[in-house]
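A.B. asks: Got a structure for you, work17.cif, holding mmCIF, C-alpha atoms.
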```cif
data_my_file
#
loop_
_atom_site.label_atom_id
_atom_site.label_comp_id
_atom_site.auth_asym_id
_atom_site.auth_seq_id
_atom_site.Cartn_x
_atom_site.Cartn_y
_atom_site.Cartn_z
CA MET G 1 47.09 5.38 -67.39
CA SER G 2 45.82 7.85 -64.75
CA GLU G 3 42.17 8.01 -63.76
CA HIS G 4 41.77 11.31 -65.64
CA GLU G 5 43.31 9.86 -68.80
CA ARG G 6 40.90 6.95 -68.56
CA TYR G 7 37.97 9.40 -68.76
CA ALA G 8 39.54 11.84 -71.22
CA GLU G 9 38.04 10.43 -74.41
CA ASP G 10 34.63 9.78 -72.88
CA LEU G 11 34.61 13.38 -71.65
CA ALA G 12 35.00 14.60 -75.23
CA LEU G 13 31.98 12.52 -76.27
CA TYR G 14 30.11 13.75 -73.19
CA ALA G 15 30.81 17.36 -74.20
CA LEU G 16 29.27 16.57 -77.60
CA ASP G 17 26.19 15.06 -75.91
CA ALA G 18 27.17 11.86 -77.73
CA LEU G 19 27.65 9.59 -74.74
CA GLN G 20 24.61 7.55 -73.81
CA GLY G 21 23.48 4.87 -71.39
CA GLU G 22 25.90 3.25 -68.97
CA ASP G 23 28.92 5.11 -70.33
CA ARG G 24 27.21 8.42 -69.63
CA ALA G 25 26.12 7.35 -66.15
CA ARG G 26 29.70 6.29 -65.35
CA VAL G 27 31.07 9.69 -66.38
CA ASP G 28 28.25 11.46 -64.51
CA GLU G 29 29.23 9.63 -61.35
CA HIS G 30 32.92 10.40 -61.81
CA LEU G 31 32.18 14.10 -62.38
CA THR G 32 30.49 14.40 -59.00
CA THR G 33 33.81 13.73 -57.29
CA CYS G 34 36.47 14.94 -59.75
CA ALA G 35 36.99 18.70 -60.04
CA ALA G 36 39.78 18.25 -62.62
CA CYS G 37 37.46 16.37 -64.98
CA ARG G 38 34.68 18.94 -64.45
CA LEU G 39 37.14 21.65 -65.46
CA GLU G 40 38.23 19.63 -68.50
CA LEU G 41 34.56 19.15 -69.47
CA GLU G 42 34.06 22.93 -69.31
CA ARG G 43 37.06 23.37 -71.60
CA LEU G 44 35.84 20.71 -74.03
CA ARG G 45 32.44 22.41 -74.19
CA GLY G 46 34.30 25.64 -74.91
CA ASP G 47 36.05 23.83 -77.76
CA THR G 48 32.67 22.70 -79.13
CA ALA G 49 31.46 26.30 -78.91
CA LEU G 50 34.28 27.32 -81.26
CA LEU G 51 33.12 24.64 -83.68
CA ALA G 52 29.52 25.89 -83.46
CA LEU G 53 30.55 29.48 -84.09
CA SER G 54 32.17 28.44 -87.38
CA ALA G 55 28.68 27.96 -88.83
CA THR G 56 27.66 30.67 -91.25
CA GLY G 57 24.47 31.22 -93.18
CA PRO G 58 21.63 33.59 -93.93
CA ARG G 59 20.08 35.75 -91.23
CA PRO G 60 16.82 34.44 -89.77
CA PRO G 61 13.65 35.71 -91.45
CA GLN G 62 12.22 38.93 -90.04
CA ARG G 63 9.02 37.16 -88.98
CA ALA G 64 11.05 35.06 -86.49
CA ARG G 65 11.88 38.17 -84.44
CA GLN G 66 8.25 39.23 -84.20
CA ARG G 67 7.19 35.66 -83.41
CA LEU G 68 9.63 35.54 -80.51
CA LEU G 69 8.72 38.98 -79.15
CA ASP G 70 5.01 38.11 -79.35
CA ALA G 71 5.68 34.91 -77.40
CA VAL G 72 7.74 36.85 -74.84
CA ALA G 73 4.96 39.42 -74.45
CA ARG G 74 2.47 36.59 -73.83
CA GLU G 75 4.73 35.33 -71.07
CA ALA G 76 5.46 38.76 -69.62
CA ARG G 77 6.21 38.61 -65.95
CA VAL G 78 6.53 41.10 -63.15
CA PRO G 79 10.06 42.10 -62.21
CA LYS G 80 11.54 39.64 -59.74
CA MET G 81 14.32 41.82 -58.46
CA VAL G 82 12.21 44.00 -56.19
CA LYS G 83 9.14 42.41 -54.67
CA ALA G 84 7.90 43.55 -51.30
CA SER G 85 5.95 41.16 -49.16
CA GLN G 86 4.09 43.69 -47.06
CA ARG G 87 2.03 46.65 -48.08
CA ARG G 88 4.18 49.28 -46.47
CA SER G 89 7.45 47.41 -46.56
CA TRP G 90 10.58 48.70 -48.21
CA TRP G 91 14.16 47.52 -47.90
CA GLY G 92 16.55 49.15 -45.55
CA TRP G 93 19.21 51.12 -47.35
CA LEU G 94 21.78 48.66 -46.05
CA GLY G 95 19.98 46.01 -48.10
CA TRP G 96 19.86 48.28 -51.14
CA ALA G 97 23.55 48.98 -50.85
CA ALA G 98 24.44 45.33 -50.46
CA THR G 99 22.31 44.40 -53.46
CA ALA G 100 23.90 47.07 -55.63
CA ALA G 101 27.35 46.11 -54.41
CA VAL G 102 26.74 42.49 -55.35
CA VAL G 103 25.45 43.42 -58.82
CA ILE G 104 28.32 45.79 -59.50
CA PHE G 105 30.88 43.38 -58.07
CA ALA G 106 29.45 40.57 -60.21
CA LEU G 107 29.83 42.85 -63.23
CA SER G 108 33.42 43.63 -62.34
CA LEU G 109 34.17 39.94 -61.83
CA TRP G 110 32.69 39.23 -65.22
CA GLN G 111 34.77 41.96 -66.85
CA GLU G 112 37.86 40.64 -65.12
CA ASN G 113 37.06 37.16 -66.38
CA SER G 114 36.68 38.47 -69.93
CA ALA G 115 40.15 39.99 -69.84
CA LEU G 116 41.67 36.90 -68.33
CA ARG G 117 40.32 34.64 -71.04
CA GLN G 118 43.08 35.95 -73.30
CA ASN G 119 45.26 33.37 -71.62
CA LEU G 120 43.28 30.17 -71.23
CA VAL G 121 45.60 28.25 -68.98
CA SER G 122 45.98 30.87 -66.28
CA ALA G 123 42.45 32.17 -66.84
CA SER G 124 40.83 28.85 -66.07
CA PHE G 125 42.37 28.84 -62.61
CA ARG G 126 41.45 32.48 -61.99
CA ALA G 127 37.95 31.87 -63.36
CA ALA G 128 37.52 29.01 -60.92
CA GLN G 129 38.65 31.31 -58.11
CA ASN G 130 36.29 34.08 -59.25
CA ARG G 131 33.49 31.55 -59.48
CA ARG G 132 34.05 30.50 -55.91
CA GLU G 133 34.07 34.15 -54.82
CA LEU G 134 30.88 34.84 -56.76
CA GLU G 135 29.18 31.78 -55.32
CA GLU G 136 30.22 32.90 -51.85
CA LEU G 137 28.81 36.37 -52.54
CA ARG G 138 25.58 34.82 -53.75
CA ARG G 139 25.38 32.72 -50.61
CA ILE G 140 25.92 35.77 -48.44
CA ALA G 141 23.50 37.89 -50.45
CA ALA G 142 20.79 35.23 -50.74
CA PRO G 143 18.61 36.70 -47.98
CA ILE G 144 18.71 40.04 -49.80
CA LEU G 145 18.25 38.83 -53.37
CA GLU G 146 15.68 36.07 -53.03
CA PRO G 147 12.20 37.28 -54.07
CA GLU G 148 10.49 35.28 -51.33
CA THR G 149 12.51 36.95 -48.59
CA GLN G 150 10.32 38.87 -46.15
CA ARG G 151 11.53 42.45 -46.01
CA VAL G 152 10.34 44.83 -43.35
CA THR G 153 11.71 48.30 -42.74
CA LEU G 154 10.73 50.15 -39.60
CA VAL G 155 9.77 53.83 -39.81
CA ALA G 156 8.37 56.35 -37.37
CA ALA G 157 4.93 55.27 -36.19
CA LYS G 158 2.03 56.81 -38.15
CA ALA G 159 4.40 58.15 -40.82
CA PRO G 160 2.74 57.76 -44.25
CA PRO G 161 4.80 55.75 -46.79
CA GLN G 162 6.82 58.10 -48.96
CA PRO G 163 8.09 57.38 -52.50
CA GLN G 164 11.80 56.77 -52.34
CA GLY G 165 14.49 55.90 -54.85
CA LYS G 166 18.12 54.99 -54.47
CA ALA G 167 20.66 55.17 -57.31
CA PHE G 168 24.04 53.41 -57.13
CA TYR G 169 26.26 54.68 -59.92
CA LEU G 170 29.80 53.51 -60.64
CA ARG G 171 30.97 56.02 -63.22
CA SER G 172 34.24 54.24 -64.10
CA ARG G 173 32.29 51.18 -65.26
CA GLY G 174 29.12 52.90 -66.44
CA SER G 175 27.17 50.69 -64.02
CA LEU G 176 23.93 52.01 -62.57
CA VAL G 177 21.51 50.22 -60.27
CA PHE G 178 18.36 52.11 -59.28
CA LEU G 179 15.79 50.78 -56.82
CA ALA G 180 12.56 52.47 -55.82
CA ASN G 181 9.64 51.86 -53.49
CA ASN G 182 6.28 53.32 -52.54
CA MET G 183 5.97 54.75 -56.06
CA PRO G 184 2.40 55.88 -56.85
CA PRO G 185 0.63 53.98 -59.67
CA LEU G 186 0.57 55.63 -63.10
CA PRO G 187 -2.09 56.04 -65.79
CA PRO G 188 -1.91 53.62 -68.75
CA GLN G 189 0.73 54.47 -71.38
CA LYS G 190 2.74 56.42 -68.80
CA ALA G 191 5.93 55.44 -67.03
CA TYR G 192 8.56 56.94 -64.76
CA GLU G 193 11.80 57.94 -66.44
CA LEU G 194 15.07 58.18 -64.57
CA TRP G 195 17.51 60.93 -65.57
CA LEU G 196 21.20 61.28 -64.97
CA ILE G 197 21.73 64.99 -64.36
CA PRO G 198 25.28 65.96 -65.40
CA ALA G 199 27.20 68.88 -63.95
CA SER G 200 26.61 70.67 -67.25
CA GLY G 201 24.48 69.87 -70.24
CA ALA G 202 21.10 68.27 -70.75
CA PRO G 203 19.69 65.45 -68.59
CA ILE G 204 20.63 62.00 -69.91
CA PRO G 205 17.92 59.29 -70.11
CA ALA G 206 18.79 56.52 -67.62
CA GLY G 207 15.92 54.08 -67.99
CA VAL G 208 12.14 53.90 -68.01
CA PHE G 209 10.29 51.91 -65.36
CA LYS G 210 6.85 51.11 -64.06
CA PRO G 211 6.28 50.15 -60.43
CA ASP G 212 4.70 46.82 -59.57
CA ALA G 213 1.44 46.51 -57.65
CA ARG G 214 3.27 47.31 -54.41
CA GLY G 215 4.99 50.38 -55.79
CA ASN G 216 8.43 48.78 -56.15
CA ALA G 217 10.63 49.09 -59.23
CA SER G 218 14.20 48.72 -60.44
CA VAL G 219 16.46 49.80 -63.29
CA VAL G 220 19.66 47.81 -63.84
CA ASN G 221 22.47 49.07 -66.06
CA PRO G 222 20.61 51.20 -68.59
CA PRO G 223 22.61 52.30 -71.66
CA LEU G 224 24.60 55.40 -70.67
CA PRO G 225 27.31 57.39 -72.42
CA ALA G 226 30.77 56.25 -71.31
CA GLY G 227 32.16 58.23 -68.38
CA ALA G 228 29.08 60.38 -67.87
CA GLU G 229 29.54 62.35 -64.65
CA ALA G 230 26.43 62.53 -62.50
CA LYS G 231 25.69 65.58 -60.39
CA THR G 232 22.50 63.88 -59.30
CA PHE G 233 19.55 61.83 -60.57
CA ALA G 234 15.93 62.79 -61.10
CA ILE G 235 12.60 61.25 -62.06
CA THR G 236 9.78 62.53 -64.28
CA VAL G 237 6.63 60.96 -65.70
CA GLU G 238 6.83 60.34 -69.45
CA ASN G 239 5.15 58.23 -72.12
CA GLU G 240 5.96 54.57 -71.53
CA ALA G 241 8.27 54.42 -74.55
CA GLY G 242 10.50 56.97 -72.82
CA SER G 243 11.53 60.44 -73.90
CA PRO G 244 14.93 61.78 -75.01
CA ALA G 245 14.38 64.84 -72.77
CA PRO G 246 12.15 65.55 -69.76
CA THR G 247 8.71 66.85 -70.78
CA THR G 248 7.13 67.13 -67.33
CA PRO G 249 8.21 68.67 -64.02
CA VAL G 250 10.69 66.76 -61.87
CA LEU G 251 8.86 64.54 -59.35
CA MET G 252 11.86 63.29 -57.41
CA VAL G 253 15.46 64.43 -57.31
CA GLY G 254 18.60 63.19 -55.57
CA VAL G 255 19.67 64.96 -52.43
CA GLY G 256 23.23 63.55 -52.31
CA GLU G 257 24.93 61.66 -49.50
CA MET S 1 17.12 56.86 -76.42
CA SER S 2 20.09 58.24 -78.26
CA SER S 3 22.84 57.26 -75.82
CA PRO S 4 25.38 54.78 -77.19
CA GLN S 5 24.90 51.09 -76.37
CA PRO S 6 27.57 49.43 -74.26
CA GLN S 7 29.36 46.68 -76.15
CA GLY S 8 30.79 43.32 -75.28
CA SER S 9 30.37 40.92 -72.42
CA SER S 10 29.45 43.48 -69.78
CA ALA S 11 26.58 44.62 -71.98
CA ASP S 12 25.47 40.98 -72.31
CA LEU S 13 25.50 40.65 -68.54
CA ALA S 14 23.44 43.82 -68.16
CA LEU S 15 20.92 42.50 -70.70
CA VAL S 16 20.66 39.15 -68.91
CA LEU S 17 20.04 41.04 -65.66
CA GLY S 18 17.33 42.88 -67.59
CA LEU S 19 15.72 39.54 -68.48
CA LYS S 20 15.74 38.60 -64.83
CA SER S 21 13.70 41.70 -64.08
CA GLY S 22 11.27 40.88 -66.92
CA ASP S 23 12.50 43.52 -69.38
CA GLN S 24 11.26 42.61 -72.87
CA GLY S 25 13.52 45.26 -74.43
CA SER S 26 16.55 43.35 -73.17
CA MET S 27 15.18 40.24 -74.89
CA ALA S 28 14.83 42.13 -78.18
CA GLU S 29 18.40 43.40 -77.95
CA LEU S 30 19.82 39.98 -77.13
CA TYR S 31 17.90 38.56 -80.10
CA ASP S 32 19.40 41.22 -82.37
CA ARG S 33 22.88 40.38 -81.09
CA TYR S 34 22.74 36.61 -81.29
CA SER S 35 19.90 35.44 -83.55
CA SER S 36 22.28 35.13 -86.53
CA VAL S 37 24.60 32.84 -84.56
CA VAL S 38 21.75 30.71 -83.22
CA TYR S 39 20.01 30.43 -86.59
CA ALA S 40 23.25 29.58 -88.43
CA VAL S 41 24.04 26.76 -86.00
CA ALA S 42 20.48 25.36 -86.12
CA LEU S 43 20.37 25.56 -89.92
CA ARG S 44 23.76 23.87 -90.25
CA VAL S 45 22.52 20.92 -88.19
CA LEU S 46 18.98 20.66 -89.49
CA GLY S 47 19.32 21.87 -93.10
CA ASP S 48 15.73 23.09 -93.01
CA THR S 49 14.76 26.72 -92.49
CA GLY S 50 11.44 25.96 -90.76
CA ALA S 51 12.99 23.54 -88.28
CA ALA S 52 15.91 25.95 -87.68
CA GLU S 53 13.43 28.75 -86.94
CA ASP S 54 11.66 26.52 -84.41
CA VAL S 55 14.95 25.84 -82.61
CA LEU S 56 15.79 29.57 -82.71
CA GLN S 57 12.47 30.29 -81.05
CA GLU S 58 12.93 27.56 -78.45
CA VAL S 59 16.45 28.64 -77.49
CA PHE S 60 15.54 32.30 -76.97
CA LEU S 61 12.33 31.42 -75.11
CA GLN S 62 14.36 29.22 -72.76
CA LEU S 63 16.67 32.15 -72.13
CA TRP S 64 13.64 34.36 -71.43
CA ARG S 65 12.07 31.83 -69.10
CA ARG S 66 15.26 30.89 -67.29
CA PRO S 67 17.87 33.66 -67.63
CA GLY S 68 19.51 32.32 -64.47
CA ALA S 69 20.55 29.20 -66.40
CA PHE S 70 23.31 31.26 -68.02
CA ASP S 71 26.09 31.81 -65.53
CA ALA S 72 28.01 34.91 -66.59
CA ALA S 73 30.97 33.91 -64.45
CA ARG S 74 31.47 30.80 -66.56
CA GLY S 75 31.62 31.86 -70.19
CA SER S 76 30.40 34.24 -72.85
CA LEU S 77 26.73 34.33 -73.73
CA GLY S 78 27.35 33.85 -77.48
CA SER S 79 29.35 30.68 -76.90
CA TRP S 80 26.78 29.34 -74.45
CA LEU S 81 23.90 30.01 -76.84
CA ALA S 82 25.82 28.34 -79.68
CA VAL S 83 26.33 25.19 -77.60
CA ILE S 84 22.71 25.12 -76.35
CA THR S 85 21.49 25.60 -79.92
CA ARG S 86 23.65 22.84 -81.34
CA ASN S 87 22.46 20.44 -78.63
CA ARG S 88 18.78 21.32 -79.16
CA ALA S 89 19.13 21.03 -82.93
CA ILE S 90 20.73 17.60 -82.60
CA ASP S 91 17.93 16.51 -80.24
CA SER S 92 15.44 17.69 -82.85
CA LEU S 93 17.31 15.99 -85.70
CA ARG S 94 17.46 12.70 -83.85
CA LYS S 95 13.98 13.10 -82.42
CA ARG S 96 15.12 12.45 -78.88
CA ARG S 97 14.47 14.06 -75.55
CA PRO S 98 17.15 16.51 -74.35
CA GLU S 99 19.83 14.71 -72.32
CA THR S 100 21.35 17.82 -70.75
CA ASP S 101 19.50 20.56 -68.90
CA ILE S 102 20.57 24.03 -70.04
CA GLU S 103 21.66 24.87 -66.50
CA ASP S 104 24.16 22.03 -66.68
CA VAL S 105 25.83 23.37 -69.82
CA VAL S 106 28.87 25.05 -68.34
CA LEU S 107 31.73 25.99 -70.60
CA SER S 108 35.02 27.77 -70.59
CA VAL S 109 36.18 29.32 -73.85
CA ALA S 110 39.35 31.28 -74.49
CA PRO S 111 38.38 34.18 -76.76
CA ASP S 112 35.74 36.73 -75.73
CA LEU S 113 33.24 36.29 -78.54
CA ALA S 114 30.75 39.01 -77.65
CA ALA S 115 31.41 41.13 -80.74
CA ASP S 116 30.57 40.19 -84.34
CA ALA S 117 34.14 40.88 -85.50
CA GLU S 118 35.60 38.56 -82.85
CA ARG S 119 33.20 35.78 -83.85
CA THR S 120 34.06 36.24 -87.52
CA ARG S 121 37.79 35.99 -86.76
CA ALA S 122 37.22 32.93 -84.57
CA ALA S 123 35.10 31.25 -87.28
CA GLU S 124 37.83 31.80 -89.88
CA LYS S 125 40.41 30.35 -87.51
CA VAL S 126 38.25 27.28 -86.80
CA ARG S 127 37.74 26.67 -90.52
CA GLY S 128 41.51 26.94 -90.98
CA VAL S 129 42.19 24.38 -88.24
CA MET S 130 39.52 22.01 -89.58
CA GLY S 131 40.95 22.38 -93.08
CA GLY S 132 44.38 21.40 -91.77
CA MET S 133 43.17 18.19 -90.12
CA ALA S 134 43.56 14.76 -91.69
CA PRO S 135 40.36 14.02 -93.65
CA ALA S 136 39.43 11.04 -91.44
CA GLN S 137 39.74 13.14 -88.29
CA ARG S 138 37.82 16.09 -89.73
CA SER S 139 35.11 13.74 -90.93
CA ALA S 140 34.78 12.00 -87.52
CA LEU S 141 34.53 15.34 -85.72
CA GLU S 142 31.96 16.69 -88.17
CA MET S 143 29.83 13.56 -88.02
CA ALA S 144 29.84 13.71 -84.22
CA TYR S 145 29.25 17.44 -84.00
CA TRP S 146 26.97 18.39 -86.87
CA GLU S 147 25.12 15.09 -87.32
CA GLY S 148 25.02 14.04 -83.67
CA MET S 149 26.34 10.57 -84.47
CA SER S 150 27.64 8.45 -81.59
CA HIS S 151 31.17 7.07 -81.77
CA SER S 152 29.77 3.59 -82.42
CA GLU S 153 27.67 4.88 -85.33
CA ILE S 154 30.74 6.59 -86.77
CA ALA S 155 32.81 3.41 -86.27
CA ASN S 156 30.12 1.37 -88.08
CA LYS S 157 29.98 3.84 -90.93
CA THR S 158 33.73 4.22 -91.42
CA GLY S 159 34.76 0.67 -90.45
CA GLU S 160 37.30 2.03 -87.96
CA PRO S 161 37.81 0.75 -84.38
CA LEU S 162 35.78 2.48 -81.65
CA GLY S 163 38.92 3.59 -79.83
CA THR S 164 40.29 5.24 -82.96
CA VAL S 165 37.09 7.20 -83.47
CA LYS S 166 37.07 8.36 -79.82
CA THR S 167 40.69 9.48 -80.06
CA ARG S 168 40.09 11.36 -83.31
CA ILE S 169 37.17 13.28 -81.83
CA ARG S 170 39.05 14.23 -78.68
CA THR S 171 42.30 15.21 -80.37
CA GLY S 172 40.31 17.20 -82.94
CA LEU S 173 38.70 19.27 -80.17
CA ILE S 174 42.06 19.73 -78.43
CA ALA S 175 43.60 20.92 -81.73
CA LEU S 176 40.94 23.65 -81.88
CA ARG S 177 41.72 24.68 -78.33
CA LYS S 178 45.45 24.86 -78.98
CA ALA S 179 44.90 27.07 -82.02
CA PHE S 180 43.28 29.66 -79.76
CA GLN S 181 45.91 29.36 -77.06
CA SER S 182 48.77 30.19 -79.39
#
```
Show this structure as C-alpha cells.

C.D. replies:
Amino acid sequence: MSEHERYAEDLALYALDALQGEDRARVDEHLTTCAACRLELERLRGDTALLALSATGPRPPQRARQRLLDAVAREARVPKMVKASQRRSWWGWLGWAATAAVVIFALSLWQENSALRQNLVSASFRAAQNRRELEELRRIAAPILEPETQRVTLVAAKAPPQPQGKAFYLRSRGSLVFLANNMPPLPPQKAYELWLIPASGAPIPAGVFKPDARGNASVVNPPLPAGAEAKTFAITVENEAGSPAPTTPVLMVGVGE
Amino acid sequence: MSSPQPQGSSADLALVLGLKSGDQGSMAELYDRYSSVVYAVALRVLGDTGAAEDVLQEVFLQLWRRPGAFDAARGSLGSWLAVITRNRAIDSLRKRRPETDIEDVVLSVAPDLAADAERTRAAEKVRGVMGGMAPAQRSALEMAYWEGMSHSEIANKTGEPLGTVKTRIRTGLIALRKAFQS
C-alpha cells in the first residue's frame, strides 16, 4: 500500500470534518508535505459540495434577508481597495494600471478555470498551474494592493490637488475597473455616478460611488450590457441610489490615451 | 439600473470584489443568488427553521466580514458556500466549536454551479447516484454527511467494522465524482 493509499480513507473523513483528535493531527501533518493528498482533499471537498447541493427545501423567510442586510449595514466599512496614506497622495498611473491588470487578469484566470472544469482530470492540473500563477501575481502586486502600503505620487511643486479618475475597460469581457482620487466631498444623499459614453446612443450607468475621507474611490466591474463599446467615460453627481440617465452637468470626462 | 446583470462565475467574482470594497449592494445580490442553497443545506442538517436561519445569517456575515476567505481560483462560490454551510450546521447540531477555518476550506468541483439550472441538474444527478448505491453505503454516507456522525459512531450504530465504514464513505464520494466526470 502506497503512502497516499494509506491516507485515502482518512482524507475522505477529513473532507467531511469527521476526523478528530490524533487521526486528524496525523493527516494535518501529512498534508503539510504532500501536494498529491492536498489535491485529493480539494477533490473530496468538491465531492461533498455535490452532496450538499442535492439538498432542496423552501426558500428562507423574507425577514432573513432584511436581518442580514441590517447586520451588514451595522458593520459597514470603508472601501479597502483605495486608501491613501497621505493627504495629497494619489497612486501613480503605473500603479493604477498594474492594479487593473491584476484584477482583469484574475477575472480571466477565473473564467478560464470555469471552462476547464468541464474536464476534471485535466482541469485540476491546469487549475493548480493557474493558482500558482495567480499567487505569483498576488506576490508581485502586493505592494500595490495592500491597504497599508504607503503611496506617494510626486507632482509639480505648489500644484493644487486635482480630481482625477482612471477607467480600465476590457470590452471583450465586460470588465471595468475605475479608480479615482482627490474627489471633492459630496452633500448627504448625493453620490458620483460613472457613465459609459457609447459612440452612439444614451450614456450607460457604470456604477455609483462615494469618495472616502481622503477623496479616493473605486468601482469594480459594475453591471454593463454585453459588448458595450465605450467612446469615453464621464462622471456626474446624482442621488446616491443612482440614476438611469444623467440629470446634472458632466463634472469629469475622459480625454482618451 | 436597467442594464442586464452578468451571469455565472465571473459575476460571482465581481460581486466578491465588491464585498472587498465594502459594497452592501454586492452582498444583497449574493444573498439573492445563494440564500436558497445555504438555507436548504442548513435546514436539511438541522431540521429546524430557526436554527437554519441562524446558520444562514452566520455564513453570509462571515462572507461579508472575510470575503478574502473565498479563493475564486479554487472553486465556485456556490459550492464553497454549500460546504461552509454544511460544516457550520453540523457544528451547531453537535454543539461543538468549528474545527476548520473557512479560509482552509479549499475545494475543486467539476461542474460550474453558478447558475440555478446547473445546480438543479447537478442535484438530480446526485440523487440518482445516491439512489443507485447499496443501501448500507448510502446510509453510511448520509449519516456521516447530514448527521455529522464519526466513522466510529456509524460503526457502533450499524455493527459494521470501522474499516468497512471508512471504505463505504470514501467510495461513495468517489462514485459521485465519477458520475460528473462521465

A.B. asks: For the structure shown, which residues end up in the PyMOL selection byres ((chain G and resi 244) around 10)? Put them as a PyMOL selection string, please?

C.D. replies: (chain G and resi 193+195+202-206+238+241-243+245-247) or (chain S and resi 1-3)

A.B. asks: My list of candidates is S:Leu162, S:Val83, S:Ala134, S:Val38. Which is closest to chain G when distances are computed with all atoms listed in the file?

C.D. replies: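 Using all atoms listed in the file, the shortest distance to chain G belongs to S:Val83.
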
A.B. asks: Could you tell me how far atom CA of Leu194 of chain G sits from atom CA of Ile235 of chain G, in Å to one decimal place?

C.D. replies: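 For atom CA of Ile235 of chain G relative to atom CA of Leu194 of chain G, the distance reads 4.7 Å.
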
A.B. asks: For the file shown, what are the residues hit by the PyMOL selection byres ((chain S and resi 168) around 12), laid out as number ranges by chain?

C.D. replies: G: 9-10, 12-13; S: 133-144, 151, 154-155, 160-167, 169-175

A.B. asks: Counting all atoms listed in the file, figure out which residue out of G:Leu50, G:Ala213, G:Ala35, G:Val220 gets nearest to Phe178 of chain G.

C.D. replies: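 Nearest candidate to Phe178 of chain G out of G:Leu50, G:Ala213, G:Ala35, G:Val220: G:Val220.
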
A.B. asks: For the file shown, report as a PyMOL selection string the outcome of the PyMOL selection byres ((chain G and resi 181) around 8) at residue level.

C.D. replies: chain G and resi 90+163-165+179-180+182-183+211+214-217

A.B. asks: Once you have the residues from the selection above, write them out as a PDB file, in the coordinates of the input, restricted to C-alpha atoms.

C.D. replies:
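Output below, filename result_15.pdb:
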```pdb
ATOM      1  CA  TRP G  90      10.580  48.700 -48.210  1.00  0.00           C
ATOM      2  CA  PRO G 163       8.090  57.380 -52.500  1.00  0.00           C
ATOM      3  CA  GLN G 164      11.800  56.770 -52.340  1.00  0.00           C
ATOM      4  CA  GLY G 165      14.490  55.900 -54.850  1.00  0.00           C
ATOM      5  CA  LEU G 179      15.790  50.780 -56.820  1.00  0.00           C
ATOM      6  CA  ALA G 180      12.560  52.470 -55.820  1.00  0.00           C
ATOM      7  CA  ASN G 182       6.280  53.320 -52.540  1.00  0.00           C
ATOM      8  CA  MET G 183       5.970  54.750 -56.060  1.00  0.00           C
ATOM      9  CA  PRO G 211       6.280  50.150 -60.430  1.00  0.00           C
ATOM     10  CA  ARG G 214       3.270  47.310 -54.410  1.00  0.00           C
ATOM     11  CA  GLY G 215       4.990  50.380 -55.790  1.00  0.00           C
ATOM     12  CA  ASN G 216       8.430  48.780 -56.150  1.00  0.00           C
ATOM     13  CA  ALA G 217      10.630  49.090 -59.230  1.00  0.00           C
TER      14      ALA G 217
END
```

A.B. asks: What's the separation between atom CA of Gln57 of chain S and atom CA of Leu68 of chain G, in Å to one decimal place?

C.D. replies: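 Straight-line distance from atom CA of Gln57 of chain S to atom CA of Leu68 of chain G works out to 6.0 Å.
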
A.B. asks: For chain S, which residue among G:Thr48, G:Val253, G:Cys37, G:Asn239 is the nearest when counting only C-alpha atoms?

C.D. replies: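 For chain S, the nearest of the given residues is G:Thr48.
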
A.B. asks: Between G:Pro225, G:Gly21, G:Pro160, G:Pro185, which is the closest to chain S once you count only C-alpha atoms?

C.D. replies: G:Pro225

A.B. asks: For atom CA of Val37 of chain S and atom CA of Thr120 of chain S, quote the distance in Å rounded to one decimal.

C.D. replies: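 Interatomic distance here is 10.5 Å.
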
A.B. asks: Considering all atoms listed in the file, return as an MDAnalysis selection string whatever protein or nucleic-acid residues lie within 12 Å of Tyr14 of chain G, sequence-local ones (same chain, fewer than 2 positions apart) excluded.

C.D. replies: (chainID G and resid 7:12 16:21 23:28 31 37:38 40:45 48) or (chainID S and resid 87 99:100 105 144:145 148 150:151 166 169:170)

A.B. asks: I want to know what sits within 12 Å of Ala71 of chain G, based on only C-alpha atoms, with residues of the same chain fewer than 4 positions away left out; could you give that as an NGL selection string?

C.D. replies: (:G and (64-67 or 75-76)) or (:S and (24 or 27-28 or 57-58 or 60-62 or 64-65))

A.B. asks: Could you tell me which of S:Asp12, S:Val129, S:Ser21, S:Glu147 comes closest to Leu77 of chain S if we count only C-alpha atoms?

C.D. replies: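 Smallest separation from Leu77 of chain S among the options: S:Asp12.
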
A.B. asks: Of the candidates S:Val126, S:Leu46, S:Val16, S:Val55, which shows the shortest atom-to-atom distance to chain G, using all atoms listed in the file?

C.D. replies: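 Ranked by minimum distance to chain G, first place goes to S:Val126.
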